[in-house]
$ cat work13.cif   # mmCIF, C-alpha atoms
data_coords
#
loop_
_atom_site.label_atom_id
_atom_site.label_comp_id
_atom_site.auth_asym_id
_atom_site.auth_seq_id
_atom_site.Cartn_x
_atom_site.Cartn_y
_atom_site.Cartn_z
CA MET A 188 34.55 -79.28 27.26
CA MET A 189 33.78 -81.86 24.57
CA PRO A 190 33.93 -85.52 25.63
CA GLY A 191 36.53 -87.59 23.81
CA SER A 192 34.00 -89.35 21.56
CA GLN A 193 32.41 -86.07 20.46
CA PHE A 194 35.85 -84.60 19.81
CA ILE A 195 36.75 -87.55 17.57
CA ILE A 196 33.42 -87.27 15.73
CA SER A 197 34.07 -83.58 15.12
CA LEU A 198 37.55 -84.26 13.75
CA ARG A 199 36.18 -86.97 11.45
CA HIS A 200 33.49 -84.68 10.14
CA MET A 201 35.98 -81.88 9.48
CA SER A 202 38.36 -84.28 7.72
CA ARG A 203 35.54 -85.52 5.47
CA GLN A 204 34.49 -81.96 4.66
CA ARG A 205 37.97 -80.52 4.01
CA GLY A 206 36.77 -77.91 1.55
CA TYR A 207 34.04 -76.63 3.84
CA THR A 208 36.41 -76.66 6.81
CA ALA A 209 39.12 -74.81 4.90
CA ILE A 210 36.72 -72.11 3.70
CA ASN A 211 35.32 -71.59 7.18
CA VAL A 212 38.72 -71.50 8.88
CA LEU A 213 40.29 -69.19 6.30
CA GLY A 214 37.26 -66.88 6.33
CA LEU A 215 37.46 -66.54 10.10
CA ALA A 216 41.26 -66.18 9.96
CA VAL A 217 41.09 -63.29 7.50
CA GLY A 218 38.51 -61.55 9.68
CA LEU A 219 40.62 -62.11 12.79
CA VAL A 220 43.79 -60.80 11.11
CA CYS A 221 42.04 -57.57 10.11
CA ALA A 222 40.43 -57.16 13.53
CA ILE A 223 43.66 -57.90 15.45
CA LEU A 224 45.64 -55.36 13.43
CA ILE A 225 42.93 -52.74 13.91
CA PHE A 226 42.69 -53.33 17.64
CA LEU A 227 46.48 -53.27 17.99
CA TYR A 228 46.46 -49.83 16.42
CA VAL A 229 43.56 -48.72 18.62
CA ARG A 230 45.42 -49.90 21.70
CA TRP A 231 48.47 -47.97 20.53
CA GLU A 232 46.46 -44.77 20.20
CA LEU A 233 45.00 -45.25 23.68
CA SER A 234 48.44 -45.88 25.21
CA TYR A 235 49.87 -42.40 24.67
CA ASP A 236 51.69 -41.06 27.78
CA ARG A 237 50.30 -43.85 29.97
CA TYR A 238 53.74 -45.40 30.53
CA HIS A 239 54.54 -42.70 33.11
CA GLU A 240 54.12 -43.89 36.69
CA LYS A 241 52.26 -40.69 37.60
CA ALA A 242 50.32 -40.46 34.33
CA ASP A 243 46.93 -40.25 36.04
CA ARG A 244 48.15 -37.39 38.28
CA ILE A 245 49.96 -35.24 35.74
CA TYR A 246 48.17 -32.23 34.26
CA ARG A 247 49.25 -29.69 31.68
CA VAL A 248 48.33 -26.11 32.53
CA THR A 249 47.01 -24.34 29.43
CA LEU A 250 46.20 -20.70 28.83
CA ASN A 251 43.02 -19.85 26.93
CA ASP A 252 43.15 -21.76 23.64
CA SER A 253 46.91 -22.32 23.74
CA ALA A 254 48.71 -25.41 25.01
CA ARG A 255 51.45 -23.14 26.35
CA SER A 256 51.59 -20.89 29.40
CA PRO A 257 53.78 -18.14 30.91
CA ARG A 258 57.35 -18.90 31.97
CA GLU A 259 56.99 -18.36 35.72
CA LEU A 260 53.58 -19.99 36.07
CA GLY A 261 54.90 -23.30 37.42
CA PRO A 262 56.86 -21.93 40.41
CA ILE A 263 54.09 -19.52 41.39
CA LEU A 264 51.43 -22.25 41.19
CA GLN A 265 53.43 -24.55 43.44
CA ALA A 266 53.93 -21.71 45.93
CA ASP A 267 50.19 -20.96 46.07
CA PHE A 268 48.76 -24.48 45.91
CA PRO A 269 50.11 -27.00 48.44
CA GLU A 270 48.44 -29.85 46.54
CA ILE A 271 50.82 -29.34 43.61
CA GLN A 272 53.63 -31.71 44.49
CA GLN A 273 55.92 -31.10 41.51
CA PHE A 274 56.01 -29.11 38.32
CA ALA A 275 57.99 -29.28 35.09
CA ARG A 276 58.58 -26.71 32.38
CA LEU A 277 59.52 -27.18 28.74
CA LEU A 278 60.39 -24.48 26.23
CA PRO A 279 60.58 -25.62 22.60
CA THR A 280 63.25 -24.18 20.37
CA ILE A 281 62.54 -22.69 16.97
CA GLY A 282 63.60 -24.27 13.72
CA THR A 283 66.60 -26.54 13.28
CA TRP A 284 69.67 -26.28 15.49
CA ILE A 285 73.11 -26.84 14.00
CA MET A 286 75.18 -28.90 16.46
CA LYS A 287 78.90 -29.56 16.14
CA TYR A 288 81.15 -32.05 17.83
CA GLU A 289 84.78 -32.10 16.72
CA ASP A 290 84.65 -31.89 12.91
CA ARG A 291 81.15 -33.32 12.54
CA VAL A 292 77.96 -31.31 12.03
CA TYR A 293 74.44 -32.45 12.94
CA TYR A 294 71.00 -30.92 12.46
CA GLU A 295 68.58 -31.27 15.37
CA LYS A 296 64.88 -30.36 15.58
CA ASN A 297 63.77 -31.94 18.86
CA VAL A 298 65.57 -29.50 21.16
CA TYR A 299 63.93 -28.23 24.36
CA TRP A 300 64.85 -26.11 27.34
CA ALA A 301 63.81 -27.90 30.54
CA ASN A 302 64.10 -27.66 34.29
CA ASN A 303 65.62 -30.53 36.26
CA GLU A 304 62.23 -31.40 37.83
CA LEU A 305 61.27 -32.87 34.47
CA PHE A 306 62.79 -36.16 35.60
CA ASP A 307 60.63 -36.13 38.76
CA VAL A 308 57.43 -35.60 36.81
CA PHE A 309 58.00 -37.85 33.79
CA ASP A 310 59.57 -41.28 33.53
CA PHE A 311 62.61 -40.53 31.39
CA PRO A 312 65.26 -42.68 33.08
CA LEU A 313 68.89 -41.67 32.74
CA VAL A 314 71.28 -44.42 31.69
CA ARG A 315 74.16 -42.05 32.49
CA GLY A 316 74.22 -39.12 34.86
CA ASP A 317 72.41 -38.07 38.02
CA PRO A 318 68.73 -37.18 37.48
CA ASP A 319 68.79 -34.96 40.59
CA HIS A 320 71.47 -32.66 39.17
CA ALA A 321 71.66 -33.27 35.40
CA LEU A 322 69.94 -29.99 34.42
CA VAL A 323 70.75 -27.83 37.44
CA ALA A 324 73.81 -25.97 36.19
CA PRO A 325 73.84 -23.53 33.26
CA TYR A 326 75.12 -24.72 29.88
CA THR A 327 74.43 -28.37 30.55
CA ALA A 328 72.36 -30.78 28.48
CA VAL A 329 70.84 -34.23 28.62
CA ILE A 330 70.72 -36.12 25.33
CA SER A 331 68.89 -39.24 24.20
CA GLU A 332 70.59 -42.61 23.74
CA ASP A 333 70.27 -42.40 19.97
CA THR A 334 71.80 -38.93 19.97
CA ALA A 335 74.67 -40.07 22.19
CA ARG A 336 75.36 -42.98 19.86
CA LYS A 337 75.19 -40.71 16.80
CA TYR A 338 77.62 -38.15 18.22
CA PHE A 339 80.02 -40.26 20.26
CA GLY A 340 79.65 -43.86 19.08
CA GLU A 341 80.75 -46.18 21.87
CA ASP A 342 82.69 -43.43 23.70
CA ASP A 343 81.48 -42.10 27.03
CA PRO A 344 79.54 -38.88 26.30
CA MET A 345 79.65 -37.59 29.88
CA GLY A 346 81.50 -34.32 30.17
CA LYS A 347 81.89 -33.90 26.42
CA THR A 348 81.26 -30.44 24.94
CA ILE A 349 78.89 -29.83 22.03
CA ILE A 350 78.89 -26.57 20.10
CA ALA A 351 75.19 -25.71 20.00
CA ASP A 352 73.14 -23.62 17.60
CA ASN A 353 75.99 -23.01 15.17
CA GLY A 354 78.35 -21.65 17.84
CA TYR A 355 75.78 -19.74 19.89
CA MET A 356 76.68 -21.61 23.08
CA LEU A 357 78.71 -24.52 24.40
CA LEU A 358 76.85 -27.34 26.14
CA THR A 359 78.35 -29.95 28.43
CA VAL A 360 76.69 -33.37 28.37
CA THR A 361 75.64 -34.23 31.94
CA GLY A 362 73.23 -37.06 31.23
CA VAL A 363 71.98 -39.59 28.71
CA MET A 364 68.30 -40.55 28.89
CA THR A 365 66.51 -43.47 27.33
CA ASN A 366 64.83 -42.60 24.06
CA ILE A 367 61.43 -41.07 24.68
CA PRO A 368 58.84 -43.66 23.56
CA GLU A 369 56.98 -43.06 20.32
CA ASN A 370 53.64 -43.04 22.16
CA SER A 371 54.47 -39.73 23.82
CA HIS A 372 52.87 -36.40 22.96
CA PHE A 373 56.31 -34.79 22.67
CA HIS A 374 59.78 -36.03 21.71
CA ALA A 375 63.12 -34.59 22.68
CA ASP A 376 66.66 -35.51 21.70
CA PHE A 377 68.26 -32.55 23.49
CA LEU A 378 67.22 -31.11 26.85
CA ILE A 379 69.07 -27.90 27.69
CA SER A 380 68.97 -26.74 31.30
CA LEU A 381 66.67 -23.77 32.00
CA PRO A 382 69.41 -22.05 34.04
CA THR A 383 71.18 -21.67 30.70
CA GLY A 384 68.34 -19.46 29.50
CA TYR A 385 68.29 -17.47 32.72
CA ASP A 386 71.99 -16.79 32.29
CA LYS A 387 72.05 -16.33 28.53
CA PHE A 388 68.92 -14.19 28.21
CA GLN A 389 68.80 -12.65 31.72
CA TRP A 390 65.37 -14.11 32.37
CA SER A 391 65.77 -13.51 36.09
CA GLU A 392 65.96 -9.77 35.41
CA THR A 393 62.90 -9.78 33.17
CA PRO A 394 59.57 -8.92 34.84
CA ARG A 395 56.79 -11.47 34.76
CA ILE A 396 55.25 -10.99 31.35
CA TRP A 397 52.01 -12.95 31.61
CA TYR A 398 51.10 -12.60 27.96
CA SER A 399 54.27 -14.40 26.85
CA ASP A 400 52.89 -17.94 26.79
CA LEU A 401 55.92 -19.79 25.41
CA PHE A 402 56.35 -22.60 27.94
CA TYR A 403 54.64 -25.94 28.48
CA THR A 404 53.84 -26.30 32.18
CA TYR A 405 53.03 -29.63 33.85
CA VAL A 406 52.00 -30.21 37.47
CA VAL A 407 51.61 -33.35 39.60
CA MET A 408 48.66 -33.74 41.97
CA PRO A 409 48.42 -36.13 44.95
CA GLU A 410 46.71 -39.47 44.53
CA GLY A 411 42.98 -39.19 44.96
CA HIS A 412 42.97 -35.38 44.79
CA PRO A 413 40.09 -34.15 42.60
CA PRO A 414 41.57 -31.74 40.04
CA SER A 415 38.25 -29.88 39.95
CA GLU A 416 39.09 -28.37 43.36
CA THR A 417 42.31 -26.86 42.04
CA GLN A 418 40.61 -25.82 38.81
CA GLU A 419 38.03 -23.82 40.77
CA LYS A 420 40.77 -21.96 42.64
CA LEU A 421 42.62 -20.96 39.46
CA ARG A 422 40.29 -18.00 38.84
CA GLY A 423 41.23 -16.53 42.21
CA PHE A 424 44.88 -17.24 41.43
CA VAL A 425 44.63 -15.18 38.22
CA GLU A 426 42.92 -12.28 40.03
CA LYS A 427 45.66 -12.34 42.68
CA HIS A 428 48.72 -12.40 40.43
CA VAL A 429 47.76 -10.88 37.08
CA GLU A 430 47.36 -7.11 36.92
CA ALA A 431 43.77 -5.94 36.52
CA SER A 432 44.76 -3.54 33.73
CA PHE A 433 46.32 -6.39 31.78
CA LEU A 434 43.23 -8.57 32.31
CA GLU A 435 41.05 -5.73 31.06
CA ASP A 436 43.21 -5.29 27.97
CA ILE A 437 43.49 -8.96 27.06
CA GLY A 438 39.84 -9.73 27.83
CA ARG A 439 40.44 -13.38 28.69
CA PHE A 440 43.05 -15.10 30.85
CA GLU A 441 41.79 -18.60 31.62
CA LEU A 442 44.03 -21.32 33.04
CA THR A 443 42.92 -24.93 32.60
CA LEU A 444 44.19 -28.22 33.99
CA GLN A 445 44.39 -30.73 31.16
CA PRO A 446 45.01 -34.42 32.01
CA LEU A 447 48.20 -35.71 30.45
CA THR A 448 46.50 -38.82 29.08
CA ASP A 449 43.89 -36.68 27.26
CA ILE A 450 46.37 -34.67 25.23
CA HIS A 451 46.94 -37.03 22.29
CA LEU A 452 43.27 -37.85 21.62
CA HIS A 453 41.35 -34.89 23.01
CA SER A 454 43.56 -31.80 22.67
CA HIS A 455 43.46 -29.57 19.60
CA ARG A 456 44.78 -26.35 21.06
CA GLU A 457 47.07 -23.88 19.46
CA ASN A 458 50.82 -24.38 19.84
CA GLU A 459 50.70 -28.11 20.47
CA HIS A 460 54.00 -30.01 20.43
CA GLY A 461 52.83 -31.68 17.25
CA ALA A 462 49.72 -32.89 15.51
CA ASN A 463 47.40 -34.90 17.73
CA THR A 464 44.69 -37.25 16.59
CA ASP A 465 41.01 -37.41 17.54
CA ILE A 466 39.16 -39.89 19.74
CA SER A 467 36.46 -40.16 17.05
CA TYR A 468 38.93 -42.03 14.82
CA VAL A 469 39.48 -44.53 17.61
CA TYR A 470 35.73 -45.09 17.86
CA ILE A 471 35.43 -45.48 14.09
CA LEU A 472 38.30 -47.98 13.89
CA SER A 473 36.91 -49.94 16.83
CA ALA A 474 33.52 -50.10 15.13
CA ILE A 475 35.16 -51.29 11.91
CA GLY A 476 37.03 -54.01 13.80
CA LEU A 477 33.83 -55.22 15.46
CA PHE A 478 31.98 -55.06 12.16
CA ILE A 479 34.62 -57.27 10.52
CA LEU A 480 34.28 -59.82 13.33
CA ILE A 481 30.50 -59.78 12.95
CA ILE A 482 30.74 -60.29 9.18
CA ALA A 483 33.16 -63.19 9.68
CA SER A 484 30.80 -64.75 12.23
CA VAL A 485 27.74 -64.30 9.98
CA ASN A 486 29.67 -65.87 7.13
CA TYR A 487 30.42 -68.84 9.36
CA VAL A 488 26.75 -69.18 10.30
CA ASN A 489 25.73 -69.10 6.62
CA LEU A 490 28.26 -71.77 5.66
CA SER A 491 27.26 -73.92 8.62
CA THR A 492 23.57 -73.62 7.80
CA ALA A 493 24.34 -74.58 4.19
CA GLN A 494 25.60 -77.91 5.54
CA PHE A 495 22.16 -78.71 6.97
CA ALA A 496 21.19 -81.13 4.21
CA HIS A 497 24.55 -82.91 4.32
CA ARG A 498 24.29 -83.51 8.07
CA ALA A 499 20.59 -84.42 8.26
CA ARG A 500 21.23 -88.18 8.01
CA GLU A 501 23.99 -88.03 10.62
CA ILE A 502 21.80 -86.08 13.04
CA GLY A 503 18.83 -88.37 12.53
CA MET A 504 20.96 -91.50 13.09
CA ARG A 505 22.48 -90.09 16.26
CA LYS A 506 19.03 -89.22 17.63
CA VAL A 507 17.78 -92.71 16.86
CA LEU A 508 20.76 -94.07 18.78
CA GLY A 509 19.77 -92.02 21.80
CA ALA A 510 21.75 -88.80 21.51
CA SER A 511 20.07 -86.00 23.44
CA ARG A 512 19.62 -82.48 22.16
CA GLY A 513 22.10 -81.21 24.74
CA GLN A 514 24.76 -83.63 23.46
CA LEU A 515 24.21 -82.47 19.88
CA ILE A 516 24.40 -78.81 20.90
CA ARG A 517 27.67 -79.42 22.76
CA GLN A 518 29.14 -81.22 19.77
CA TYR A 519 28.29 -78.49 17.26
CA LEU A 520 29.39 -75.75 19.60
CA GLY A 521 32.60 -77.69 20.18
CA GLU A 522 33.18 -77.98 16.44
CA SER A 523 32.64 -74.25 16.08
CA VAL A 524 35.13 -73.47 18.85
CA LEU A 525 37.70 -75.84 17.31
CA LEU A 526 37.36 -74.10 13.95
CA THR A 527 37.69 -70.68 15.57
CA ILE A 528 40.81 -71.69 17.52
CA ALA A 529 42.34 -73.04 14.30
CA ALA A 530 41.48 -69.74 12.60
CA LEU A 531 43.06 -67.84 15.50
CA LEU A 532 46.32 -69.79 15.20
CA ILE A 533 46.47 -69.03 11.48
CA ALA A 534 45.62 -65.37 12.17
CA LEU A 535 48.38 -65.06 14.78
CA ALA A 536 50.90 -66.54 12.37
CA ALA A 537 49.78 -64.08 9.69
CA VAL A 538 49.99 -61.13 12.09
CA TYR A 539 53.51 -62.24 13.10
CA PHE A 540 54.70 -62.12 9.48
CA LEU A 541 52.76 -58.95 8.62
CA ALA A 542 53.79 -57.00 11.73
CA PRO A 543 57.12 -55.62 10.43
CA TYR A 544 55.45 -54.37 7.25
CA ILE A 545 52.57 -52.79 9.18
CA ASP A 546 54.96 -51.02 11.54
CA ALA A 547 57.09 -49.82 8.62
CA LEU A 548 53.98 -48.55 6.81
CA LEU A 549 52.76 -46.63 9.87
CA GLY A 550 56.24 -45.55 10.95
CA LEU A 551 55.36 -46.63 14.50
CA PRO A 552 56.10 -49.75 16.58
CA VAL A 553 52.38 -50.46 16.89
CA THR A 554 52.49 -54.25 16.75
CA ALA A 555 56.00 -54.63 18.17
CA VAL A 556 55.05 -52.94 21.45
CA HIS A 557 51.56 -54.26 22.13
CA ALA A 558 51.44 -57.68 20.47
CA LEU A 559 53.64 -59.04 23.26
CA HIS A 560 51.48 -57.62 26.04
CA PRO A 561 50.21 -60.41 28.35
CA LEU A 562 46.67 -59.07 28.02
CA TRP A 563 46.58 -60.16 24.38
CA TRP A 564 47.55 -63.73 25.20
CA PHE A 565 44.64 -63.98 27.61
CA ALA A 566 42.15 -61.95 25.60
CA MET A 567 42.60 -63.51 22.15
CA PRO A 568 41.84 -67.15 23.12
CA ALA A 569 38.88 -65.92 25.16
CA VAL A 570 37.59 -63.88 22.22
CA ALA A 571 38.11 -66.85 19.87
CA VAL A 572 36.07 -69.13 22.14
CA LEU A 573 33.36 -66.48 22.46
CA ILE A 574 33.18 -66.03 18.68
CA GLY A 575 33.01 -69.80 18.27
CA LEU A 576 30.14 -70.10 20.74
CA LEU A 577 28.20 -67.18 19.27
CA SER A 578 28.81 -68.22 15.66
CA GLY A 579 27.98 -71.85 16.31
CA GLY A 580 24.97 -71.15 18.48
CA TYR A 581 22.40 -70.84 15.70
CA PRO A 582 23.59 -73.88 13.67
CA ALA A 583 23.76 -75.94 16.88
CA LEU A 584 20.19 -75.06 17.82
CA LEU A 585 19.04 -75.61 14.23
CA PHE A 586 20.63 -79.05 13.83
CA SER A 587 19.69 -80.29 17.29
CA SER A 588 16.02 -79.35 16.77
CA MET A 589 15.63 -81.69 13.78
CA ARG A 590 12.95 -84.30 14.17
CA VAL A 591 13.80 -87.92 13.61
CA ILE A 592 12.42 -89.10 10.25
CA PRO A 593 10.31 -92.27 10.68
CA GLY A 594 11.89 -95.32 9.19
CA LEU A 595 15.36 -93.74 8.97
#
$ encode --input "work13.cif" --output "structure tokens"
Amino acid sequence: MMPGSQFIISLRHMSRQRGYTAINVLGLAVGLVCAILIFLYVRWELSYDRYHEKADRIYRVTLNDSARSPRELGPILQADFPEIQQFARLLPTIGTWIMKYEDRVYYEKNVYWANNELFDVFDFPLVRGDPDHALVAPYTAVISEDTARKYFGEDDPMGKTIIADNGYMLLTVTGVMTNIPENSHFHADFLISLPTGYDKFQWSETPRIWYSDLFYTYVVMPEGHPPSETQEKLRGFVEKHVEASFLEDIGRFELTLQPLTDIHLHSHRENEHGANTDISYVYILSAIGLFILIIASVNYVNLSTAQFAHRAREIGMRKVLGASRGQLIRQYLGESVLLTIAALLIALAAVYFLAPYIDALLGLPVTAVHALHPLWWFAMPAVAVLIGLLSGGYPALLFSSMRVIPGL
């Protein structure tokens, strides 16, 4: 910390050099604004699917190069592997579904078939309905909060009947779930119970067709269980359950456990829920953010060094009066930190006003979600102080090493 006298001296110097101070503060502020926005976006990309309580224990089971797997894979896996605690299945629908309620017509794309265990695997809380029974009965559905508001307004949606898929079936609303967060690798507004499909399409009478990889299968492992152990046993599982003639015909039938948190940044398989991104973009953006901070810091060092001639008399006088090199270093480092903190405050104000426009441009609540995270309020002041110390280090050493001019 700067002693009171050094703090006052720093303020006086900055007030006398308003132009220099303004250029330095604004230069750092612009760099911090760019870096903060970039790192907010990077944090958003890294946050996908991590809001689930069991995120680090959930794995998607993929088949060969496809993100999907056979319909009955989940139940058979759980029966064979005691370490699989729970499983969930999702079947995406094709195209746009025409939904009707009373005299109103709606067009829905995010419609999935799902088993009730979905609510045990993922954190999709129900604001209405019982998560233990919401998708147990045939011809039942769970809808999102936005969908419930769109169809029923302020009325209670529970027990209401929706004419689904242009009259193909009638669905009874048995639950309303919170909207699935944007940082999820899939989004659903309608979840139709899997028993509906078993009844409607007689799935229970259909033999196990292993080549029909239409479902997304997710499993939950115990805490601390190495997934590699289960992965090694999957080859024996395939040999046990899949007919040898079929394996010979298809040539390849490889099941893989894919961590849930890897899907958005590392998965580029066929039949994904939607387009994923690539971890390389995260690395590139992070490098750009760091590069901007480095450029802002170098710019500060250059401007500070340019002040050498203007401060030579002050430094010489202070040395004559007995100021030690350590005191001078502390003062110049303190000035640098003060400037950086001022730049940070300006940058935070700018980010606050820019945030709605950035989120609207990206179509994602990037800044709205993560800017309020407590980590940022601890990290940003610490980063500002670190930048101030690193940026002011060279000028501080340079100024404090000046020799006293005889006769000054």
$ residues_around --input "work13.cif" --residues "His412 (chain A)" --least-positions-apart "5" --cutoff "9 Å" --atoms "all atoms listed in the file" --output "PyMOL selection string"
chain A and resi 244+270+417
$ closest_residue --input "work13.cif" --among "A:Asn302, A:Ser484, A:Asn370, A:Ser415" --to "Pro446 (chain A)" --atoms "all atoms listed in the file"
A:Ser415
$ closest_residue --input "work13.cif" --among "A:Val538, A:Leu401, A:Leu525, A:Val360" --to "Leu224 (chain A)" --atoms "only C-alpha atoms"
A:Val538
$ atom_distance --input "work13.cif" --atom1 "CA of Val572 (chain A)" --atom2 "CA of Leu213 (chain A)"
16.4 Å
$ closest_residue --input "work13.cif" --among "A:Tyr299, A:Pro543, A:Glu259, A:Ala375" --to "Val429 (chain A)" --atoms "all atoms listed in the file"
A:Glu259
$ resolve_selection --input "work13.cif" --expression "the PyMOL selection byres ((chain A and resi 297) around 10)" --output "VMD selection string"
chain A and resid 279 to 284 294 to 296 298 to 299 373 to 378
$ atom_distance --input "work13.cif" --atom1 "CA of Thr348 (chain A)" --atom2 "CA of Arg315 (chain A)"
15.6 Å
$ resolve_selection --input "work13.cif" --expression "the PyMOL selection byres ((chain A and resi 534) around 12)" --output "short mmCIF file (atom, residue, chain, number, x, y, z; two decimals) with C-alpha atoms, in the frame of the given file"
data_model
loop_
_atom_site.label_atom_id
_atom_site.label_comp_id
_atom_site.auth_asym_id
_atom_site.auth_seq_id
_atom_site.Cartn_x
_atom_site.Cartn_y
_atom_site.Cartn_z
CA VAL A 212 38.72 -71.50 8.88
CA LEU A 213 40.29 -69.19 6.30
CA GLY A 214 37.26 -66.88 6.33
CA LEU A 215 37.46 -66.54 10.10
CA ALA A 216 41.26 -66.18 9.96
CA VAL A 217 41.09 -63.29 7.50
CA GLY A 218 38.51 -61.55 9.68
CA LEU A 219 40.62 -62.11 12.79
CA VAL A 220 43.79 -60.80 11.11
CA CYS A 221 42.04 -57.57 10.11
CA ALA A 222 40.43 -57.16 13.53
CA ILE A 223 43.66 -57.90 15.45
CA LEU A 224 45.64 -55.36 13.43
CA THR A 527 37.69 -70.68 15.57
CA ILE A 528 40.81 -71.69 17.52
CA ALA A 529 42.34 -73.04 14.30
CA ALA A 530 41.48 -69.74 12.60
CA LEU A 531 43.06 -67.84 15.50
CA LEU A 532 46.32 -69.79 15.20
CA ILE A 533 46.47 -69.03 11.48
CA LEU A 535 48.38 -65.06 14.78
CA ALA A 536 50.90 -66.54 12.37
CA ALA A 537 49.78 -64.08 9.69
CA VAL A 538 49.99 -61.13 12.09
CA TYR A 539 53.51 -62.24 13.10
CA PHE A 540 54.70 -62.12 9.48
CA LEU A 541 52.76 -58.95 8.62
CA ALA A 542 53.79 -57.00 11.73
CA MET A 567 42.60 -63.51 22.15
CA PRO A 568 41.84 -67.15 23.12
CA ALA A 571 38.11 -66.85 19.87
#
$ residues_around --input "work13.cif" --residues "region 328-337 of chain A" --least-positions-apart "6" --cutoff "7 Å" --atoms "all atoms listed in the file" --output "list of chain:residue names"
A:Ala321, A:Leu322, A:Pro344, A:Leu358, A:Thr359, A:Val360, A:Thr361, A:Gly362, A:Val363, A:Met364, A:Thr365, A:Asn366, A:Asp376, A:Phe377, A:Leu378, A:Ile379, A:Ser380
$ closest_residue --input "work13.cif" --among "A:Tyr207, A:Trp231, A:Phe478, A:Tyr403" --to "Leu447 (chain A)" --atoms "only C-alpha atoms"
A:Tyr403
$ closest_residue --input "work13.cif" --among "A:Val488, A:Phe440, A:Leu421, A:Leu573" --to "Ile263 (chain A)" --atoms "only C-alpha atoms"
A:Leu421
$ closest_residue --input "work13.cif" --among "A:Glu232, A:Asp290, A:Asp352, A:Asp319" --to "Asn303 (chain A)" --atoms "all atoms listed in the file"
A:Asp319
$ resolve_selection --input "work13.cif" --expression "the PyMOL selection byres ((chain A and resi 247) around 10)" --output "PDB file with C-alpha atoms, keeping the file's coordinate frame"
ATOM      1  CA  ILE A 245      49.960 -35.240  35.740  1.00  0.00           C
ATOM      2  CA  TYR A 246      48.170 -32.230  34.260  1.00  0.00           C
ATOM      3  CA  VAL A 248      48.330 -26.110  32.530  1.00  0.00           C
ATOM      4  CA  THR A 249      47.010 -24.340  29.430  1.00  0.00           C
ATOM      5  CA  LEU A 250      46.200 -20.700  28.830  1.00  0.00           C
ATOM      6  CA  ALA A 254      48.710 -25.410  25.010  1.00  0.00           C
ATOM      7  CA  ARG A 255      51.450 -23.140  26.350  1.00  0.00           C
ATOM      8  CA  SER A 256      51.590 -20.890  29.400  1.00  0.00           C
ATOM      9  CA  PHE A 274      56.010 -29.110  38.320  1.00  0.00           C
ATOM     10  CA  ALA A 275      57.990 -29.280  35.090  1.00  0.00           C
ATOM     11  CA  ARG A 276      58.580 -26.710  32.380  1.00  0.00           C
ATOM     12  CA  TYR A 403      54.640 -25.940  28.480  1.00  0.00           C
ATOM     13  CA  THR A 404      53.840 -26.300  32.180  1.00  0.00           C
ATOM     14  CA  TYR A 405      53.030 -29.630  33.850  1.00  0.00           C
ATOM     15  CA  VAL A 406      52.000 -30.210  37.470  1.00  0.00           C
ATOM     16  CA  VAL A 407      51.610 -33.350  39.600  1.00  0.00           C
ATOM     17  CA  LEU A 442      44.030 -21.320  33.040  1.00  0.00           C
ATOM     18  CA  THR A 443      42.920 -24.930  32.600  1.00  0.00           C
ATOM     19  CA  LEU A 444      44.190 -28.220  33.990  1.00  0.00           C
ATOM     20  CA  GLN A 445      44.390 -30.730  31.160  1.00  0.00           C
ATOM     21  CA  PRO A 446      45.010 -34.420  32.010  1.00  0.00           C
ATOM     22  CA  LEU A 447      48.200 -35.710  30.450  1.00  0.00           C
ATOM     23  CA  THR A 448      46.500 -38.820  29.080  1.00  0.00           C
ATOM     24  CA  ASP A 449      43.890 -36.680  27.260  1.00  0.00           C
ATOM     25  CA  ILE A 450      46.370 -34.670  25.230  1.00  0.00           C
TER      26      ILE A 450
END
